[in-house]
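Novice: For reference, the file protein_37.txt (compact mmCIF, C-alpha atoms) is included below:
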```txt
# COMPACT_ATOMS: atom_id res chain seq x y z
CA MET A 1 -0.96 14.84 63.55
CA VAL A 2 0.70 11.87 65.25
CA ARG A 3 -2.35 9.76 64.51
CA GLN A 4 -2.24 10.81 60.84
CA ALA A 5 1.44 9.89 60.59
CA ARG A 6 0.74 6.52 62.18
CA SER A 7 -2.15 5.90 59.80
CA GLU A 8 0.06 6.76 56.84
CA ALA A 9 2.75 4.39 58.15
CA THR A 10 0.17 1.58 58.37
CA ARG A 11 -1.01 2.24 54.81
CA ARG A 12 2.62 2.15 53.65
CA LYS A 13 3.22 -1.15 55.44
CA ILE A 14 0.19 -2.70 53.74
CA ILE A 15 1.28 -1.49 50.30
CA GLU A 16 4.83 -2.69 50.81
CA SER A 17 3.76 -6.12 52.02
CA ALA A 18 1.40 -6.48 49.06
CA VAL A 19 4.12 -5.33 46.65
CA ASP A 20 6.59 -7.87 48.03
CA LEU A 21 4.08 -10.71 47.76
CA ILE A 22 3.02 -9.71 44.24
CA ASN A 23 6.67 -9.69 43.17
CA GLU A 24 7.41 -12.98 44.93
CA ILE A 25 4.37 -15.15 44.16
CA GLY A 26 2.18 -13.08 41.83
CA TYR A 27 -1.09 -11.21 42.41
CA PRO A 28 -3.51 -14.15 42.10
CA ALA A 29 -1.69 -16.15 44.80
CA ALA A 30 -1.24 -13.18 47.14
CA GLY A 31 -4.28 -13.43 49.43
CA LEU A 32 -5.37 -10.63 51.74
CA GLY A 33 -4.59 -12.98 54.65
CA ASP A 34 -0.98 -13.34 53.49
CA ILE A 35 -0.66 -9.58 53.09
CA ILE A 36 -1.97 -8.93 56.63
CA GLU A 37 0.37 -11.57 58.05
CA ARG A 38 3.37 -10.11 56.23
CA ALA A 39 2.45 -6.60 57.40
CA GLU A 40 1.82 -7.86 60.97
CA LEU A 41 -1.49 -6.04 61.01
CA THR A 42 -5.13 -6.90 61.59
CA LYS A 43 -7.85 -7.38 59.01
CA GLY A 44 -9.49 -4.25 60.42
CA ALA A 45 -6.40 -2.14 59.74
CA LEU A 46 -6.30 -3.35 56.16
CA TYR A 47 -9.99 -2.73 55.52
CA TYR A 48 -9.69 0.71 57.10
CA HIS A 49 -7.34 1.67 54.26
CA PHE A 50 -8.50 -0.54 51.37
CA GLU A 51 -12.00 -1.82 50.88
CA SER A 52 -10.89 -4.79 48.77
CA LYS A 53 -7.88 -6.56 47.27
CA GLU A 54 -8.56 -4.72 44.03
CA ALA A 55 -8.57 -1.33 45.79
CA LEU A 56 -5.10 -2.20 47.08
CA ALA A 57 -4.07 -3.25 43.56
CA THR A 58 -5.37 0.07 42.23
CA ALA A 59 -3.26 2.01 44.74
CA ILE A 60 -0.17 0.06 43.65
CA ILE A 61 -0.94 0.61 39.96
CA GLU A 62 -1.37 4.34 40.61
CA GLU A 63 1.80 4.72 42.64
CA GLY A 64 3.86 2.55 40.26
CA SER A 65 2.48 4.36 37.24
CA GLU A 66 3.35 7.71 38.79
CA SER A 67 6.98 6.58 39.23
CA LEU A 68 7.21 5.20 35.69
CA VAL A 69 5.52 8.11 33.93
CA GLY A 70 7.34 10.55 36.21
CA ALA A 71 10.67 8.95 35.26
CA PHE A 72 9.80 9.20 31.56
CA ARG A 73 8.80 12.84 31.89
CA GLY A 74 11.95 13.52 33.90
CA ALA A 75 13.99 12.05 31.06
CA VAL A 76 12.63 14.67 28.66
CA ARG A 77 15.12 17.51 28.42
CA SER A 78 13.90 20.88 27.23
CA GLY A 79 15.27 21.51 23.77
CA SER A 80 16.51 17.96 23.24
CA PRO A 81 15.30 15.96 20.21
CA GLY A 82 12.10 13.94 20.68
CA MET A 83 13.77 10.73 19.58
CA GLU A 84 16.52 11.09 22.21
CA ASP A 85 13.82 11.52 24.83
CA VAL A 86 12.01 8.38 23.66
CA ILE A 87 15.10 6.16 23.73
CA HIS A 88 16.53 7.63 26.92
CA GLY A 89 13.09 7.61 28.56
CA SER A 90 12.58 3.92 27.80
CA PHE A 91 15.86 3.02 29.52
CA VAL A 92 15.05 5.23 32.49
CA MET A 93 11.75 3.34 32.83
CA THR A 94 13.66 0.02 32.73
CA ASP A 95 15.88 1.27 35.53
CA VAL A 96 12.82 2.21 37.58
CA LEU A 97 11.42 -1.30 37.04
CA GLY A 98 14.75 -2.72 38.23
CA THR A 99 15.02 -0.64 41.39
CA ASP A 100 11.50 0.39 42.44
CA THR A 101 9.53 -2.60 43.74
CA VAL A 102 6.20 -0.71 43.67
CA ALA A 103 6.71 0.14 39.99
CA ARG A 104 7.61 -3.50 39.29
CA ALA A 105 4.47 -4.80 41.01
CA GLY A 106 2.48 -2.05 39.28
CA ALA A 107 3.72 -3.24 35.88
CA ARG A 108 2.66 -6.81 36.73
CA LEU A 109 -0.77 -5.53 37.75
CA LEU A 110 -1.13 -3.54 34.52
CA ARG A 111 -0.97 -6.76 32.55
CA THR A 112 -3.01 -8.72 35.09
CA PHE A 113 -5.93 -6.32 34.88
CA GLY A 114 -5.69 -4.61 31.48
CA SER A 115 -9.16 -3.31 30.67
CA PHE A 116 -10.69 -4.54 33.93
CA ASN A 117 -9.23 -1.86 36.14
CA PRO A 118 -9.71 1.83 35.29
CA ALA A 119 -6.28 2.80 36.70
CA ALA A 120 -4.56 0.14 34.57
CA LYS A 121 -6.41 1.28 31.47
CA ARG A 122 -5.57 4.93 32.18
CA THR A 123 -1.89 4.12 32.70
CA LEU A 124 -1.60 2.16 29.44
CA GLN A 125 -3.25 5.03 27.56
CA LEU A 126 -0.91 7.49 29.28
CA PHE A 127 2.18 5.51 28.15
CA VAL A 128 0.94 5.68 24.54
CA ASP A 129 0.11 9.39 24.84
CA GLU A 130 3.47 10.33 26.36
CA LEU A 131 5.36 8.47 23.65
CA THR A 132 3.13 9.88 20.93
CA GLY A 133 3.98 13.40 22.14
CA ARG A 134 7.73 12.83 21.88
CA LEU A 135 7.39 11.02 18.52
CA LYS A 136 5.47 14.00 17.18
CA ALA A 137 8.43 16.14 18.22
CA ALA A 138 10.72 13.63 16.45
CA THR A 139 8.66 14.13 13.28
CA VAL A 140 9.15 17.90 13.54
CA ASP A 141 12.88 17.31 14.17
CA GLY A 142 12.98 15.36 10.88
CA ASP A 143 14.15 12.18 12.65
CA LEU A 144 11.07 10.03 12.02
CA ARG A 145 10.71 8.39 8.63
CA ASP A 146 8.25 9.91 6.18
CA GLY A 147 4.78 8.45 6.34
CA LEU A 148 5.10 7.10 9.88
CA ASP A 149 2.20 8.00 12.10
CA PRO A 150 3.52 9.02 15.56
CA GLU A 151 0.54 7.50 17.37
CA SER A 152 0.66 4.05 15.79
CA THR A 153 4.45 4.04 16.06
CA ALA A 154 4.02 4.83 19.77
CA GLY A 155 1.53 1.94 19.97
CA HIS A 156 4.15 -0.42 18.57
CA VAL A 157 6.92 0.83 20.86
CA VAL A 158 4.72 0.59 23.96
CA ALA A 159 3.53 -2.89 22.93
CA ALA A 160 7.12 -4.05 22.43
CA MET A 161 8.08 -2.67 25.85
CA LEU A 162 5.10 -4.27 27.61
CA GLY A 163 5.73 -7.58 25.89
CA ALA A 164 9.44 -7.41 26.75
CA GLU A 165 8.55 -6.83 30.41
CA LEU A 166 6.33 -9.94 30.35
CA LEU A 167 8.85 -12.15 28.54
CA SER A 168 11.76 -10.95 30.65
CA SER A 169 9.83 -11.47 33.86
CA ALA A 170 8.56 -14.92 32.78
CA LEU A 171 11.72 -16.29 31.19
CA ALA A 172 14.58 -14.53 33.01
CA ASP A 173 13.13 -13.23 36.29
CA GLY A 174 13.41 -9.72 34.88
CA ALA A 175 17.22 -9.89 34.72
CA ASP A 176 17.50 -9.27 30.97
CA LEU A 177 14.98 -6.44 30.63
CA ARG A 178 17.58 -3.78 29.80
CA ALA A 179 19.19 -6.07 27.19
CA ARG A 180 15.77 -6.80 25.68
CA PHE A 181 14.99 -3.09 25.43
CA ALA A 182 18.36 -2.49 23.77
CA ARG A 183 17.75 -5.26 21.21
CA ASN A 184 14.22 -3.94 20.57
CA TRP A 185 15.67 -0.52 19.76
CA GLU A 186 18.47 -1.96 17.60
CA LEU A 187 15.82 -3.70 15.52
CA LEU A 188 13.43 -0.75 15.42
CA LEU A 189 15.81 2.13 14.71
CA PRO A 190 16.25 1.47 10.97
CA ALA A 191 12.46 1.08 10.65
CA ILE A 192 11.59 4.39 12.21
CA ILE A 193 14.60 6.73 11.88
CA THR A 194 15.49 8.56 8.66
CA ASP A 195 18.65 7.42 6.87
CA GLU A 196 20.36 10.74 7.69
CA SER A 197 19.78 10.40 11.45
CA LEU A 198 20.28 6.63 11.73
CA GLY A 199 24.02 6.70 12.39
CA TYR A 200 23.62 9.23 15.18
CA TYR A 201 20.83 7.30 16.91
CA ARG A 202 22.69 4.01 16.68
CA GLU A 203 25.56 5.66 18.55
CA PHE A 204 23.10 7.28 20.99
CA LEU A 205 21.48 3.87 21.63
CA ALA A 206 24.83 2.14 22.15
CA ARG A 207 25.77 4.74 24.76
CA GLN A 208 22.40 4.49 26.52
CA ALA A 209 22.51 0.69 26.55
CA ALA A 210 26.07 0.67 27.93
CA ARG A 211 25.31 3.02 30.82
CA GLN A 212 25.81 1.39 34.20
CA GLN A 213 22.51 0.02 35.44
CA PRO A 214 21.75 1.36 38.93
CA PRO A 215 21.96 -1.29 41.68
CA SER A 216 18.59 -2.89 42.34
CA ALA A 217 16.84 -2.01 45.58
CA MET B 1 -18.58 -45.06 29.63
CA VAL B 2 -21.71 -42.98 30.23
CA ARG B 3 -20.27 -41.84 33.54
CA GLN B 4 -17.03 -40.84 31.87
CA ALA B 5 -18.88 -38.84 29.24
CA ARG B 6 -20.90 -37.08 31.96
CA SER B 7 -17.75 -36.31 33.91
CA GLU B 8 -16.12 -34.86 30.80
CA ALA B 9 -19.25 -32.75 30.16
CA THR B 10 -19.05 -31.38 33.71
CA ARG B 11 -15.36 -30.53 33.31
CA ARG B 12 -16.20 -28.76 30.05
CA LYS B 13 -18.98 -26.76 31.70
CA ILE B 14 -16.60 -25.60 34.43
CA ILE B 15 -13.96 -24.56 31.92
CA GLU B 16 -16.46 -22.72 29.76
CA SER B 17 -17.99 -20.87 32.69
CA ALA B 18 -14.54 -19.85 33.91
CA VAL B 19 -13.54 -18.75 30.40
CA ASP B 20 -16.64 -16.60 30.05
CA LEU B 21 -16.09 -14.94 33.41
CA ILE B 22 -12.39 -14.35 32.75
CA ASN B 23 -13.27 -12.69 29.44
CA GLU B 24 -16.09 -10.66 30.99
CA ILE B 25 -14.67 -9.47 34.30
CA GLY B 26 -11.05 -10.68 34.39
CA TYR B 27 -9.37 -13.50 36.30
CA PRO B 28 -8.86 -11.71 39.63
CA ALA B 29 -12.56 -10.85 39.94
CA ALA B 30 -13.78 -14.29 38.79
CA GLY B 31 -14.26 -16.15 42.07
CA LEU B 32 -14.75 -19.91 42.29
CA GLY B 33 -18.23 -19.19 43.67
CA ASP B 34 -19.14 -17.18 40.54
CA ILE B 35 -17.80 -19.95 38.33
CA ILE B 36 -19.86 -22.62 40.12
CA GLU B 37 -22.95 -20.45 39.94
CA ARG B 38 -22.47 -19.80 36.22
CA ALA B 39 -21.91 -23.53 35.58
CA GLU B 40 -24.90 -24.45 37.78
CA LEU B 41 -22.77 -26.98 39.62
CA THR B 42 -21.74 -27.67 43.20
CA LYS B 43 -18.44 -26.87 44.87
CA GLY B 44 -17.83 -30.63 45.11
CA ALA B 45 -18.13 -31.06 41.34
CA LEU B 46 -15.64 -28.27 40.77
CA TYR B 47 -13.13 -29.62 43.29
CA TYR B 48 -13.50 -33.10 41.83
CA HIS B 49 -12.03 -31.75 38.59
CA PHE B 50 -9.80 -28.90 39.77
CA GLU B 51 -8.09 -28.71 43.13
CA SER B 52 -7.82 -24.91 43.04
CA LYS B 53 -8.60 -21.80 41.02
CA GLU B 54 -5.05 -21.90 39.69
CA ALA B 55 -5.44 -25.53 38.56
CA LEU B 56 -8.44 -24.38 36.54
CA ALA B 57 -6.39 -21.47 35.15
CA THR B 58 -3.64 -23.92 34.19
CA ALA B 59 -6.12 -26.08 32.27
CA ILE B 60 -7.32 -22.99 30.37
CA ILE B 61 -3.76 -21.85 29.63
CA GLU B 62 -2.91 -25.33 28.34
CA GLU B 63 -6.00 -25.65 26.16
CA GLY B 64 -5.72 -22.08 24.85
CA SER B 65 -2.03 -22.48 24.17
CA GLU B 66 -2.68 -25.70 22.29
CA SER B 67 -5.14 -23.87 20.01
CA LEU B 68 -2.79 -20.94 19.44
CA VAL B 69 0.38 -22.95 18.87
CA GLY B 70 -1.61 -25.50 16.84
CA ALA B 71 -2.93 -22.69 14.63
CA PHE B 72 0.57 -21.33 14.14
CA ARG B 73 1.93 -24.77 13.25
CA GLY B 74 -1.02 -25.34 10.94
CA ALA B 75 -0.15 -22.10 9.14
CA VAL B 76 3.28 -23.47 8.24
CA ARG B 77 3.18 -24.91 4.74
CA SER B 78 5.78 -27.44 3.72
CA GLY B 79 8.16 -25.79 1.28
CA SER B 80 6.87 -22.27 1.85
CA PRO B 81 9.31 -19.52 2.92
CA GLY B 82 9.85 -19.12 6.67
CA MET B 83 8.93 -15.42 6.57
CA GLU B 84 5.57 -16.17 4.92
CA ASP B 85 4.86 -18.66 7.70
CA VAL B 86 5.72 -16.10 10.37
CA ILE B 87 3.48 -13.36 8.96
CA HIS B 88 0.63 -15.68 8.01
CA GLY B 89 0.96 -17.55 11.33
CA SER B 90 0.67 -14.34 13.33
CA PHE B 91 -2.60 -13.43 11.61
CA VAL B 92 -3.96 -16.94 12.07
CA MET B 93 -3.24 -16.60 15.79
CA THR B 94 -5.09 -13.26 15.84
CA ASP B 95 -8.07 -14.96 14.25
CA VAL B 96 -7.98 -17.69 16.89
CA LEU B 97 -7.94 -15.01 19.61
CA GLY B 98 -10.96 -13.41 17.93
CA THR B 99 -13.04 -16.56 17.63
CA ASP B 100 -11.88 -19.01 20.31
CA THR B 101 -12.92 -17.84 23.76
CA VAL B 102 -10.67 -20.39 25.54
CA ALA B 103 -7.64 -19.11 23.62
CA ARG B 104 -8.63 -15.52 24.47
CA ALA B 105 -8.94 -16.30 28.18
CA GLY B 106 -5.70 -18.30 27.94
CA ALA B 107 -3.88 -15.26 26.52
CA ARG B 108 -5.17 -13.11 29.39
CA LEU B 109 -3.96 -15.73 31.87
CA LEU B 110 -0.52 -15.86 30.23
CA ARG B 111 0.03 -12.22 31.09
CA THR B 112 -1.69 -12.51 34.48
CA PHE B 113 0.64 -15.28 35.63
CA GLY B 114 3.84 -14.91 33.60
CA SER B 115 6.60 -16.64 35.55
CA PHE B 116 4.30 -17.71 38.37
CA ASN B 117 2.61 -20.54 36.49
CA PRO B 118 4.68 -23.27 34.81
CA ALA B 119 2.17 -23.68 31.96
CA ALA B 120 2.25 -19.93 31.22
CA LYS B 121 6.04 -19.92 31.27
CA ARG B 122 6.19 -22.96 28.98
CA THR B 123 3.73 -21.41 26.53
CA LEU B 124 5.65 -18.13 26.29
CA GLN B 125 8.89 -20.04 25.67
CA LEU B 126 7.10 -22.16 23.06
CA PHE B 127 5.92 -19.04 21.17
CA VAL B 128 9.51 -17.78 21.03
CA ASP B 129 10.84 -21.21 19.96
CA GLU B 130 8.24 -21.67 17.20
CA LEU B 131 8.98 -18.22 15.76
CA THR B 132 12.71 -18.72 16.09
CA GLY B 133 12.42 -21.92 14.03
CA ARG B 134 10.65 -20.16 11.17
CA LEU B 135 12.97 -17.14 11.33
CA LYS B 136 15.94 -19.51 11.04
CA ALA B 137 14.31 -20.83 7.88
CA ALA B 138 13.87 -17.21 6.71
CA THR B 139 17.61 -16.70 7.19
CA VAL B 140 18.33 -19.73 5.02
CA ASP B 141 15.84 -18.39 2.45
CA GLY B 142 17.86 -15.16 2.35
CA ASP B 143 14.87 -13.08 3.49
CA LEU B 144 16.19 -11.99 6.88
CA ARG B 145 18.64 -9.09 6.98
CA ASP B 146 22.30 -9.89 7.51
CA GLY B 147 23.41 -9.87 11.11
CA LEU B 148 19.94 -10.40 12.57
CA ASP B 149 19.80 -13.14 15.15
CA PRO B 150 16.66 -15.26 14.61
CA GLU B 151 16.12 -15.84 18.34
CA SER B 152 16.31 -12.23 19.46
CA THR B 153 14.23 -11.17 16.45
CA ALA B 154 11.65 -13.77 17.51
CA GLY B 155 11.81 -12.30 21.03
CA HIS B 156 10.95 -8.87 19.64
CA VAL B 157 8.12 -10.15 17.44
CA VAL B 158 6.57 -12.18 20.28
CA ALA B 159 6.92 -9.21 22.66
CA ALA B 160 5.22 -6.91 20.15
CA MET B 161 2.39 -9.43 19.70
CA LEU B 162 1.90 -9.92 23.45
CA GLY B 163 1.97 -6.18 24.05
CA ALA B 164 -0.48 -5.60 21.19
CA GLU B 165 -2.86 -8.14 22.72
CA LEU B 166 -2.71 -6.29 26.05
CA LEU B 167 -3.13 -2.81 24.53
CA SER B 168 -5.89 -3.92 22.19
CA SER B 169 -7.73 -5.67 24.98
CA ALA B 170 -7.32 -2.74 27.39
CA LEU B 171 -7.97 0.14 25.00
CA ALA B 172 -10.29 -1.29 22.34
CA ASP B 173 -11.86 -4.43 23.86
CA GLY B 174 -9.75 -6.49 21.48
CA ALA B 175 -11.53 -5.09 18.41
CA ASP B 176 -8.40 -3.64 16.77
CA LEU B 177 -6.02 -6.56 17.33
CA ARG B 178 -5.78 -7.49 13.65
CA ALA B 179 -5.14 -3.86 12.68
CA ARG B 180 -2.47 -3.58 15.40
CA PHE B 181 -0.73 -6.71 14.13
CA ALA B 182 -0.82 -5.35 10.57
CA ARG B 183 0.71 -2.02 11.69
CA ASN B 184 3.36 -3.86 13.73
CA TRP B 185 4.38 -5.78 10.63
CA GLU B 186 4.35 -2.69 8.39
CA LEU B 187 6.78 -1.08 10.80
CA LEU B 188 8.94 -4.17 11.27
CA LEU B 189 9.26 -5.42 7.68
CA PRO B 190 11.91 -2.90 6.56
CA ALA B 191 13.87 -3.59 9.75
CA ILE B 192 14.05 -7.34 9.30
CA ILE B 193 13.60 -8.13 5.58
CA THR B 194 16.36 -7.77 3.00
CA ASP B 195 15.95 -4.97 0.45
CA GLU B 196 15.48 -7.55 -2.36
CA SER B 197 12.57 -9.29 -0.61
CA LEU B 198 10.94 -6.21 0.94
CA GLY B 199 8.60 -5.43 -1.97
CA TYR B 200 7.29 -8.99 -2.06
CA TYR B 201 6.62 -9.14 1.69
CA ARG B 202 4.90 -5.75 1.71
CA GLU B 203 2.50 -7.15 -0.88
CA PHE B 204 2.18 -10.42 1.05
CA LEU B 205 1.39 -8.47 4.24
CA ALA B 206 -1.19 -6.28 2.51
CA ARG B 207 -2.98 -9.39 1.24
CA GLN B 208 -2.86 -11.08 4.63
CA ALA B 209 -4.12 -7.99 6.43
CA ALA B 210 -6.98 -7.54 3.96
CA ARG B 211 -8.26 -11.11 4.28
CA GLN B 212 -11.75 -11.28 5.69
CA GLN B 213 -11.62 -11.80 9.42
CA PRO B 214 -13.67 -14.86 10.39
CA PRO B 215 -16.85 -14.03 12.35
CA SER B 216 -16.25 -14.10 16.09
CA ALA B 217 -17.77 -16.96 18.04
```
As structure tokens, please, write out the structure in this file.

Specialist:
Amino acid sequence: MVRQARSEATRRKIIESAVDLINEIGYPAAGLGDIIERAELTKGALYYHFESKEALATAIIEEGSESLVGAFRGAVRSGSPGMEDVIHGSFVMTDVLGTDTVARAGARLLRTFGSFNPAAKRTLQLFVDELTGRLKAATVDGDLRDGLDPESTAGHVVAAMLGAELLSSALADGADLRARFARNWELLLPAIITDESLGYYREFLARQAARQQPPSA
Amino acid sequence: MVRQARSEATRRKIIESAVDLINEIGYPAAGLGDIIERAELTKGALYYHFESKEALATAIIEEGSESLVGAFRGAVRSGSPGMEDVIHGSFVMTDVLGTDTVARAGARLLRTFGSFNPAAKRTLQLFVDELTGRLKAATVDGDLRDGLDPESTAGHVVAAMLGAELLSSALADGADLRARFARNWELLLPAIITDESLGYYREFLARQAARQQPPSA
């Protein structure tokens, strides 16, 4: 029991050291040697838990993806309109990226690996599926414009979010991610929301965007 | 002179081998050893041209970026409306990604490195600046909706393109990139184009999207 707890603590230490290095210098530059040094562990301890650098990356993608998708699902309120869930959920995900370093490193790894890592691929598909589900509800609610396909609309929204994460991270060290998401939605709302619902969702967006951002961890 | 030509041929061989491996298995998995083996060269030859794996990545980002930005600039016709240039330019860039393997690997490296490589950062900023320039022209032309800021609109368009590249590459091996770009534009046009110009640009988009895609290299 004690041994198991110690082993779990070691695994945690490795993940956290890798996460910090990925966020500080990027995945390509973060060598296994640097990760071991940061974690103050031996090569043996690392290889006991992860057979390769990519196995470690996969664990970070999986844990980060769980936080992000979990946050999105947590933002869905039973009985609330699909479109509210989508907008609110996207801001909740931004907040997770701002405060949860594993999720932030996971997002970087998603775009580093793309198709070349099954966990990254699965996560990207999951983002599209989750959003498609809520946009289907928005269609039923009568909030989505006629003729819009929920799945390809979800593809656009996810693409815009992924691209915003990359641009924000590259050009503003991630500091303007929430503002980028808000501007994305401002631009998109009239394209996807029916005229009748547009006024309401503009107000909803303004309130979401103005919410106090939680302090970063 | 002969020596210089031979040296340039070696450099080319290294870049092409790296590009192929990046496109086949991804940058993290493409080791310098694999690149040397593929190029049938020695470690010394590689290090003569590139001091590190990242230096090689930088060369690919720079060459790929030159092709992509060059294609966009080439799509700008003197006297043609800014919005035509933006839509046409985005499809021309898709075609370059489909046919030019260096540009494709360069795009992957852009999202792998983001802020951690100066060339990647510069390229992302350049994409935003180029689009901003043409969207400013679109404002003067009266095609852009009142109150839209050209720079933040460019930020959204570039984000949507970068995200589409990642999703297409991860979920469809890049095969549906052109279709994703077309759907992005279909969704965005009513959000950014004035009511008077919307009909024309819908027709323009349909014609651009229907153009025969050049055969991939």

Novice: Could I get the residues of chain A with an atom no further than 7 Å from an atom of chain B, each paired with its nearest atom pair and that distance in Å to one decimal, using only C-alpha atoms, sorted by chain and residue number, as CSV?

Specialist:
```
residue,atom,partner,partner_atom,distance
A:Ile25,CA,B:Phe116,CA,6.3
A:Gly26,CA,B:Phe116,CA,6.2
A:Pro28,CA,B:Pro28,CA,6.4
A:Arg111,CA,B:Arg111,CA,5.7
A:Thr112,CA,B:Thr112,CA,4.1
A:Phe113,CA,B:Gly26,CA,6.7
A:Gly114,CA,B:Ala170,CA,4.8
A:Ser115,CA,B:Ala170,CA,3.8
A:Phe116,CA,B:Gly26,CA,6.2
A:Lys121,CA,B:Ala170,CA,5.8
A:His156,CA,B:Asn184,CA,6.0
A:Ala159,CA,B:Gly163,CA,3.8
A:Ala160,CA,B:Ala160,CA,4.1
A:Leu162,CA,B:Gly163,CA,5.1
A:Gly163,CA,B:Ala159,CA,3.8
A:Ala164,CA,B:Ala159,CA,5.1
A:Leu166,CA,B:Gly114,CA,6.4
A:Leu167,CA,B:Ala159,CA,6.9
A:Ser169,CA,B:Ser115,CA,6.3
A:Ala170,CA,B:Ser115,CA,3.8
A:Leu171,CA,B:Ser115,CA,6.7
A:Asn184,CA,B:His156,CA,6.0
A:Leu187,CA,B:Ala191,CA,6.1
A:Leu188,CA,B:Ala191,CA,6.4
A:Pro190,CA,B:Ala191,CA,5.7
A:Ala191,CA,B:Ala191,CA,5.0
```

Novice: Have a look at CA of Ala137 (chain A) and CA of Phe204 (chain A) and let me know their distance in Å, one decimal.

Specialist: 17.4 Å

Novice: At a cut-off of 12 Å, using all atoms listed in the file, what residues contact Asp34 (chain B)? Leave out same-chain residues fewer than 6 positions from it and give the result as a PDB file with C-alpha atoms, in the frame of the given file.

Specialist:
```pdb
ATOM      1  CA  ILE B  14     -16.600 -25.600  34.430  1.00  0.00           C
ATOM      2  CA  SER B  17     -17.990 -20.870  32.690  1.00  0.00           C
ATOM      3  CA  ALA B  18     -14.540 -19.850  33.910  1.00  0.00           C
ATOM      4  CA  VAL B  19     -13.540 -18.750  30.400  1.00  0.00           C
ATOM      5  CA  ASP B  20     -16.640 -16.600  30.050  1.00  0.00           C
ATOM      6  CA  LEU B  21     -16.090 -14.940  33.410  1.00  0.00           C
ATOM      7  CA  ILE B  22     -12.390 -14.350  32.750  1.00  0.00           C
ATOM      8  CA  GLU B  24     -16.090 -10.660  30.990  1.00  0.00           C
ATOM      9  CA  ILE B  25     -14.670  -9.470  34.300  1.00  0.00           C
ATOM     10  CA  TYR B  27      -9.370 -13.500  36.300  1.00  0.00           C
ATOM     11  CA  PRO B  28      -8.860 -11.710  39.630  1.00  0.00           C
ATOM     12  CA  GLU B  40     -24.900 -24.450  37.780  1.00  0.00           C
ATOM     13  CA  LEU B  41     -22.770 -26.980  39.620  1.00  0.00           C
ATOM     14  CA  THR B  42     -21.740 -27.670  43.200  1.00  0.00           C
ATOM     15  CA  LYS B  43     -18.440 -26.870  44.870  1.00  0.00           C
ATOM     16  CA  LEU B  46     -15.640 -28.270  40.770  1.00  0.00           C
ATOM     17  CA  LYS B  53      -8.600 -21.800  41.020  1.00  0.00           C
TER      18      LYS B  53
END
```

Novice: Would you mind reading off the distance between CA of Ala210 (chain A) and CA of His88 (chain A), one decimal, in Å?

Specialist: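 It comes out at 11.9 Å.
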
Novice: For Arg202 (chain B), which of B:Ala182, B:Ser7, B:Arg104, B:Asp95 is the closest residue, counting only C-alpha atoms?

Specialist: B:Ala182

Novice: Please report the interatomic distance between CA of Leu68 (chain A) and CA of Leu131 (chain A) in Å with one decimal.

Specialist: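 CA of Leu131 (chain A) lies 12.6 Å from CA of Leu68 (chain A).
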
Novice: Return the single residue from A:Leu198, A:Ala209, A:Ala59, A:Ile193 that is closest to Gly147 (chain A), with distances computed using all atoms listed in the file.

Specialist: A:Ile193

Novice: How would you write as a list of chain:residue names the residues that get within 10 Å of (7.5, 13.8, 28.6) in the file's frame, counting all atoms listed in the file?

Specialist: A:Val69, A:Gly70, A:Ala71, A:Phe72, A:Arg73, A:Gly74, A:Ala75, A:Val76, A:Arg77, A:Ser78, A:Gly82, A:Asp85, A:Val86, A:Gly89, A:Phe127, A:Asp129, A:Glu130, A:Leu131, A:Thr132, A:Gly133, A:Arg134

Novice: Given the point (18.1, -11.4, 7.2) in the coordinates of this file, which residues lie within 10 Å, counting all atoms listed in the file, and how would they look as a ChimeraX atom specification?

Specialist: /B:135-136,138-150,191-195,197

Novice: Export region 114-120 of chain B of the preceding structure, keeping N, CA, C and O atoms, as a short mmCIF file (atom, residue, chain, number, x, y, z; two decimals), in the first residue's frame.

Specialist:
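Output below, filename decode_9.cif:
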```cif
data_model
loop_
_atom_site.label_atom_id
_atom_site.label_comp_id
_atom_site.auth_asym_id
_atom_site.auth_seq_id
_atom_site.Cartn_x
_atom_site.Cartn_y
_atom_site.Cartn_z
N GLY B 114 5.22 26.44 -32.40
CA GLY B 114 4.54 27.65 -31.93
C GLY B 114 5.55 28.68 -31.46
O GLY B 114 6.47 29.04 -32.19
N SER B 115 5.40 29.11 -30.20
CA SER B 115 6.25 30.20 -29.69
C SER B 115 7.70 29.79 -29.49
O SER B 115 8.55 30.65 -29.29
N PHE B 116 7.99 28.48 -29.52
CA PHE B 116 9.32 28.04 -29.12
C PHE B 116 10.34 28.08 -30.25
O PHE B 116 11.48 27.68 -30.08
N ASN B 117 9.94 28.51 -31.42
CA ASN B 117 10.89 28.64 -32.52
C ASN B 117 10.64 29.98 -33.19
O ASN B 117 9.53 30.26 -33.65
N PRO B 118 11.67 30.83 -33.25
CA PRO B 118 11.47 32.18 -33.79
C PRO B 118 10.91 32.18 -35.22
O PRO B 118 10.08 33.03 -35.55
N ALA B 119 11.34 31.23 -36.05
CA ALA B 119 10.84 31.20 -37.43
C ALA B 119 9.35 30.85 -37.45
O ALA B 119 8.58 31.40 -38.26
N ALA B 120 8.92 29.95 -36.56
CA ALA B 120 7.50 29.59 -36.50
C ALA B 120 6.67 30.78 -36.06
O ALA B 120 5.62 31.10 -36.65
#
```
